[in-house]
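**Student:** This is the content of data-v5.cif (mmCIF, C-alpha atoms):
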```cif
data_data
loop_
_atom_site.label_atom_id
_atom_site.label_comp_id
_atom_site.auth_asym_id
_atom_site.auth_seq_id
_atom_site.Cartn_x
_atom_site.Cartn_y
_atom_site.Cartn_z
CA MET A 10 -11.18 -7.98 -5.64
CA THR A 11 -10.19 -7.88 -1.94
CA ALA A 12 -9.05 -4.47 -0.76
CA MET A 13 -5.69 -4.06 0.95
CA ASP A 14 -5.70 -3.27 4.66
CA THR A 15 -4.39 0.27 5.22
CA THR A 16 -4.80 0.21 9.01
CA SER A 17 -1.17 -0.89 9.46
CA ALA A 18 -0.09 2.41 7.92
CA GLN A 19 -1.54 4.51 10.73
CA GLY A 20 1.33 5.62 12.96
CA ALA A 21 3.91 3.48 11.13
CA ALA A 22 7.41 4.98 11.02
CA HIS A 23 8.84 2.88 8.19
CA PHE A 24 7.63 2.10 4.69
CA THR A 25 9.09 0.73 1.49
CA VAL A 26 8.29 1.94 -2.01
CA ARG A 27 9.00 -0.49 -4.82
CA GLN A 28 8.95 0.43 -8.48
CA LYS A 29 8.51 -2.10 -11.23
CA LEU A 30 9.30 -0.98 -14.78
CA THR A 31 7.86 -2.61 -17.87
CA LEU A 32 7.73 -1.52 -21.50
CA MET A 33 4.25 -0.09 -21.02
CA VAL A 34 3.72 0.92 -17.39
CA ASN A 35 5.40 2.07 -14.18
CA ARG A 36 4.04 0.34 -11.08
CA TYR A 37 4.59 1.53 -7.52
CA GLU A 38 3.84 -0.60 -4.48
CA ILE A 39 3.84 0.64 -0.88
CA ARG A 40 4.33 -1.61 2.15
CA PRO A 41 4.76 -0.81 5.86
CA ALA A 42 7.97 -2.14 7.43
CA ASP A 43 9.37 -2.72 10.90
CA ALA A 44 12.56 -1.22 12.32
CA SER A 45 14.68 -3.88 10.57
CA TRP A 46 12.93 -3.13 7.24
CA THR A 47 11.05 -6.42 7.14
CA GLU A 48 8.08 -5.63 4.92
CA GLY A 49 4.41 -6.24 5.58
CA GLU A 50 1.65 -6.74 3.03
CA PRO A 51 1.03 -4.09 0.33
CA ILE A 52 -1.26 -1.26 1.40
CA ALA A 53 -1.42 0.80 -1.82
CA VAL A 54 -0.49 0.46 -5.49
CA ALA A 55 -0.35 2.79 -8.46
CA GLN A 56 0.13 2.01 -12.12
CA GLN A 57 0.85 4.49 -14.86
CA LYS A 58 1.51 4.32 -18.59
CA ARG A 59 5.19 4.99 -19.32
CA MET A 60 4.57 7.76 -21.85
CA ALA A 61 1.71 9.42 -19.96
CA PHE A 62 2.09 12.86 -18.44
CA LYS A 63 2.75 12.63 -14.71
CA GLU A 64 0.54 15.47 -13.58
CA GLN A 65 -1.56 13.03 -11.54
CA VAL A 66 -0.86 9.71 -9.84
CA THR A 67 -3.56 7.81 -7.93
CA PHE A 68 -2.93 5.07 -5.39
CA TYR A 69 -5.48 2.32 -4.87
CA ALA A 70 -6.24 -0.22 -2.17
CA ASP A 71 -6.90 -2.99 -4.69
CA ALA A 72 -5.03 -4.42 -7.66
CA ALA A 73 -8.01 -3.72 -9.93
CA ARG A 74 -7.58 -0.02 -9.13
CA THR A 75 -11.19 0.63 -8.15
CA GLN A 76 -10.75 1.89 -4.56
CA PRO A 77 -8.62 5.05 -4.35
CA VAL A 78 -6.66 5.73 -1.15
CA PHE A 79 -4.87 8.98 -2.05
CA SER A 80 -3.40 10.81 -5.03
CA PHE A 81 -1.25 13.74 -6.01
CA LYS A 82 -2.13 16.16 -8.77
CA ALA A 83 -0.38 19.19 -10.29
CA ARG A 84 -2.16 22.52 -10.07
CA LYS A 85 -0.75 23.37 -13.51
CA ARG A 86 0.27 21.20 -16.45
CA ILE A 87 3.82 21.11 -17.82
CA ASP A 88 5.28 23.47 -15.23
CA LEU A 89 8.80 22.79 -13.95
CA GLY A 90 7.97 24.52 -10.69
CA ALA A 91 4.42 23.18 -10.34
CA THR A 92 2.86 22.66 -6.95
CA TYR A 93 1.27 19.25 -6.45
CA ASP A 94 -1.68 18.80 -4.11
CA VAL A 95 -1.95 15.55 -2.16
CA LEU A 96 -5.60 14.48 -1.94
CA ASP A 97 -7.39 11.90 0.17
CA ALA A 98 -9.75 9.26 -1.25
CA ALA A 99 -12.59 11.80 -1.44
CA GLY A 100 -10.45 14.42 -3.18
CA ALA A 101 -9.91 16.67 -0.16
CA PRO A 102 -6.42 18.25 0.17
CA ILE A 103 -4.20 16.79 2.90
CA GLY A 104 -0.86 18.29 1.85
CA TRP A 105 1.23 19.63 -1.01
CA PHE A 106 4.75 19.58 -2.44
CA ARG A 107 6.75 21.35 -5.12
CA LYS A 108 10.22 21.25 -6.60
CA ASP A 109 12.48 24.27 -6.13
CA PHE A 110 13.65 24.45 -9.74
CA GLY A 111 16.35 27.06 -9.18
CA LYS A 112 18.10 25.30 -6.31
CA SER A 113 17.63 21.93 -8.02
CA LEU A 114 19.99 22.91 -10.83
CA LEU A 115 22.86 21.89 -8.53
CA ARG A 116 21.15 19.87 -5.82
CA SER A 117 17.57 18.62 -5.99
CA THR A 118 15.41 20.51 -3.52
CA TRP A 119 11.74 20.02 -2.69
CA HIS A 120 9.26 21.74 -0.37
CA ILE A 121 6.46 19.87 1.36
CA GLY A 122 3.60 21.25 3.42
CA THR A 123 0.51 20.23 5.38
CA PRO A 124 -2.80 21.92 6.29
CA ASP A 125 -1.62 22.45 9.88
CA GLY A 126 1.04 24.86 8.64
CA LEU A 127 4.16 22.70 8.60
CA GLU A 128 6.58 23.33 5.74
CA ALA A 129 9.71 21.22 5.41
CA VAL A 130 12.54 21.38 2.88
CA GLY A 131 14.03 18.25 1.38
CA THR A 132 17.42 18.05 -0.31
CA GLU A 133 19.66 15.36 -1.71
CA ARG A 134 21.78 14.13 1.16
CA ASN A 135 25.04 13.99 -0.81
CA GLN A 136 26.10 17.06 -2.80
CA GLY A 137 28.78 15.08 -4.67
CA ILE A 138 26.30 12.50 -5.92
CA ALA A 139 23.97 15.30 -6.97
CA ILE A 140 26.68 16.77 -9.20
CA LEU A 141 27.65 13.36 -10.62
CA ARG A 142 24.02 12.70 -11.57
CA ARG A 143 23.87 15.96 -13.50
CA VAL A 144 27.12 15.27 -15.34
CA TRP A 145 25.85 11.79 -16.24
CA GLU A 146 22.64 13.13 -17.75
CA PHE A 147 24.53 15.46 -20.10
CA ILE A 148 26.92 12.84 -21.52
CA PRO A 149 25.80 11.81 -25.05
CA VAL A 150 24.40 8.25 -25.25
CA VAL A 151 25.31 7.55 -21.61
CA GLY A 152 22.70 10.05 -20.51
CA ASP A 153 19.97 7.76 -21.87
CA ILE A 154 21.03 4.98 -19.49
CA PRO A 155 19.38 5.04 -16.02
CA VAL A 156 21.52 6.87 -13.46
CA PRO A 157 23.58 4.27 -11.52
CA PHE A 158 24.19 6.50 -8.47
CA LEU A 159 22.10 5.96 -5.35
CA PHE A 160 20.56 9.16 -4.04
CA HIS A 161 18.83 9.91 -0.76
CA PHE A 162 16.67 12.75 0.57
CA ASP A 163 16.06 14.25 3.99
CA PHE A 164 13.18 16.65 4.71
CA THR A 165 13.80 19.03 7.59
CA ALA A 166 11.31 21.20 9.47
CA PRO A 167 12.20 24.80 10.49
CA ASP A 168 13.30 23.57 13.95
CA GLY A 169 15.83 21.21 12.35
CA SER A 170 13.93 17.97 12.97
CA ILE A 171 13.69 15.42 10.17
CA VAL A 172 10.09 14.65 9.24
CA LEU A 173 10.74 12.42 6.22
CA SER A 174 13.72 10.52 4.79
CA SER A 175 13.95 8.46 1.61
CA VAL A 176 16.89 6.12 0.98
CA ARG A 177 17.25 4.47 -2.40
CA LYS A 178 18.49 0.88 -2.20
CA ARG A 179 20.32 -1.03 -4.90
CA SER A 180 18.16 -3.87 -6.23
CA LEU A 181 16.85 -5.41 -9.45
CA ARG A 182 14.01 -2.92 -9.31
CA ASP A 183 14.07 0.45 -7.59
CA ARG A 184 13.38 0.15 -3.87
CA TYR A 185 13.19 3.01 -1.40
CA GLU A 186 13.23 2.80 2.38
CA VAL A 187 11.16 5.67 3.73
CA SER A 188 11.18 6.85 7.35
CA VAL A 189 8.43 9.03 8.82
CA PRO A 190 9.63 9.68 12.40
CA ARG A 191 7.23 10.76 15.11
CA GLN A 192 8.28 14.07 16.65
CA PRO A 193 8.80 14.58 20.41
CA ASN A 194 5.45 16.39 20.63
CA GLY A 195 3.69 13.41 19.03
CA TRP A 196 3.24 14.99 15.59
CA GLN A 197 3.90 12.82 12.54
CA LEU A 198 3.62 13.56 8.84
CA ASP A 199 0.52 11.95 7.31
CA TRP A 200 1.71 8.68 5.74
CA ARG A 201 -0.22 9.45 2.54
CA VAL A 202 1.59 12.76 2.10
CA ALA A 203 4.90 11.04 2.87
CA MET A 204 4.26 8.30 0.31
CA ALA A 205 3.12 10.76 -2.35
CA MET A 206 6.33 12.74 -1.90
CA SER A 207 8.43 9.57 -1.90
CA VAL A 208 6.94 8.37 -5.18
CA ALA A 209 7.32 11.85 -6.69
CA LEU A 210 11.05 11.73 -5.89
CA ASP A 211 11.21 8.84 -8.36
CA ALA A 212 8.51 9.70 -10.87
CA LEU A 213 9.21 13.44 -11.14
CA GLN A 214 12.90 13.67 -10.32
CA SER A 215 13.92 14.36 -13.92
CA ARG A 216 11.18 16.98 -14.46
#
```
Can you give me the file's structure in the form of structure tokens?
**Tutor:**
Amino acid sequence: MTAMDTTSAQGAAHFTVRQKLTLMVNRYEIRPADASWTEGEPIAVAQQKRMAFKEQVTFYADAARTQPVFSFKARKRIDLGATYDVLDAAGAPIGWFRKDFGKSLLRSTWHIGTPDGLEAVGTERNQGIAILRRVWEFIPVVGDIPVPFLFHFDFTAPDGSIVLSSVRKRSLRDRYEVSVPRQPNGWQLDWRVAMAMSVALDALQSR
């Protein structure tokens, strides 16, 4: 099986994450995109059984899932405030993220960090939508129907700069437009850490 070319991901500022739901599995597909959000070829895919625990998700460079590119894995199982390590293809840590469970009761909040010491905080962009989503989930019967509200996240470094943004688009299957802007000093969040966090915003949002 031919491996996907990940070279286009290096230095890219825009990506899309597509989720395909079936009765048995969740499938995520990552593609680089240009400034107008025209997508390139897939560079990584992950597939996971619907009922499986989501403590680990691995992305591969081939549809047969034999060549890992990166993954994220919880340090503890079944922990609402678990920290997830982002690992490269060899299993070395390249970043981490965790959900701030207390703040997320009203507005989903995540923390993301990298080995060079950066820590950014990501929150739902719209407080009103955040509240509507929570009300929806507590309505009998209706709460079992997927949330119809679009929600977006911005991750901000201590100096106020945005290092990662995820915008959920309305489509037949979930599609996210993810921006990883390069900072004035040339620094840019590792695309693998950015994509791991972006997928977690979908896969782990209800945890």
**Student:** Suppose a student applies the PyMOL selection byres ((chain A and resi 71) around 8) to this structure; what residues should they get, written as number ranges by chain?
**Tutor:** A: 10-13, 53-54, 69-70, 72-76
**Student:** Compare A:Gln197, A:Ala98, A:Asp183, A:Ala203 by their minimum atom-to-atom distance to Glu38 of chain A, counting all atoms listed in the file, and give me the closest one.
**Tutor:**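 Looking only at the distances to Glu38 of chain A, the closest residue turns out to be A:Asp183.
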**Student:** Could you jot down the atom CA of Ala99 of chain A to atom CA of Lys85 of chain A separation for me, Å, one decimal place?
**Tutor:**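 So the two atoms, atom CA of Ala99 of chain A and atom CA of Lys85 of chain A, lie 20.5 Å apart.
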**Student:** Hey, which of A:Thr123, A:Thr92, A:Ser170, A:Thr15 ends up closest to Pro77 of chain A? Count only C-alpha atoms.
**Tutor:** A:Thr15
**Student:** Apply the PyMOL selection byres ((chain A and resi 122) around 10) to the file shown and report the selected residues as a list in words.
**Tutor:**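 Taken over the shown coordinates, the PyMOL selection byres ((chain A and resi 122) around 10) returns Asp94, Val95, Ile103, Gly104, Trp105, Phe106, Arg107, His120, Ile121, Thr123, Pro124, Asp125, Gly126, Leu127, Glu128, Ala129, Val130, Ala166, Leu198 and Val202 of chain A.
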**Student:** For the selection just defined, write its residues with C-alpha atoms to a file, as a JSON list (two decimals), in the coordinates of the input.
**Tutor:**
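Okay, part-v9.json is ready:
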```
[["chain", "number", "residue", "atom", "x", "y", "z"],
["A", 94, "ASP", "CA", -1.68, 18.80, -4.11],
["A", 95, "VAL", "CA", -1.95, 15.55, -2.16],
["A", 103, "ILE", "CA", -4.20, 16.79, 2.90],
["A", 104, "GLY", "CA", -0.86, 18.29, 1.85],
["A", 105, "TRP", "CA", 1.23, 19.63, -1.01],
["A", 106, "PHE", "CA", 4.75, 19.58, -2.44],
["A", 107, "ARG", "CA", 6.75, 21.35, -5.12],
["A", 120, "HIS", "CA", 9.26, 21.74, -0.37],
["A", 121, "ILE", "CA", 6.46, 19.87, 1.36],
["A", 123, "THR", "CA", 0.51, 20.23, 5.38],
["A", 124, "PRO", "CA", -2.80, 21.92, 6.29],
["A", 125, "ASP", "CA", -1.62, 22.45, 9.88],
["A", 126, "GLY", "CA", 1.04, 24.86, 8.64],
["A", 127, "LEU", "CA", 4.16, 22.70, 8.60],
["A", 128, "GLU", "CA", 6.58, 23.33, 5.74],
["A", 129, "ALA", "CA", 9.71, 21.22, 5.41],
["A", 130, "VAL", "CA", 12.54, 21.38, 2.88],
["A", 166, "ALA", "CA", 11.31, 21.20, 9.47],
["A", 198, "LEU", "CA", 3.62, 13.56, 8.84],
["A", 202, "VAL", "CA", 1.59, 12.76, 2.10]]
```
**Student:** For the atom pair atom CA of Phe24 of chain A and atom CA of Ser80 of chain A, what is the interatomic distance in Å to one decimal place?
**Tutor:**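 Taking atom CA of Phe24 of chain A and atom CA of Ser80 of chain A, their separation equals 17.1 Å.
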**Student:** Do a neighbour search on Tyr37 of chain A at 10 Å with all atoms listed in the file, toss out local chain neighbours closer than 5 positions, and write the hits as a ChimeraX atom specification.
**Tutor:** /A:26-30,53-57,68,183-184,208,211-212
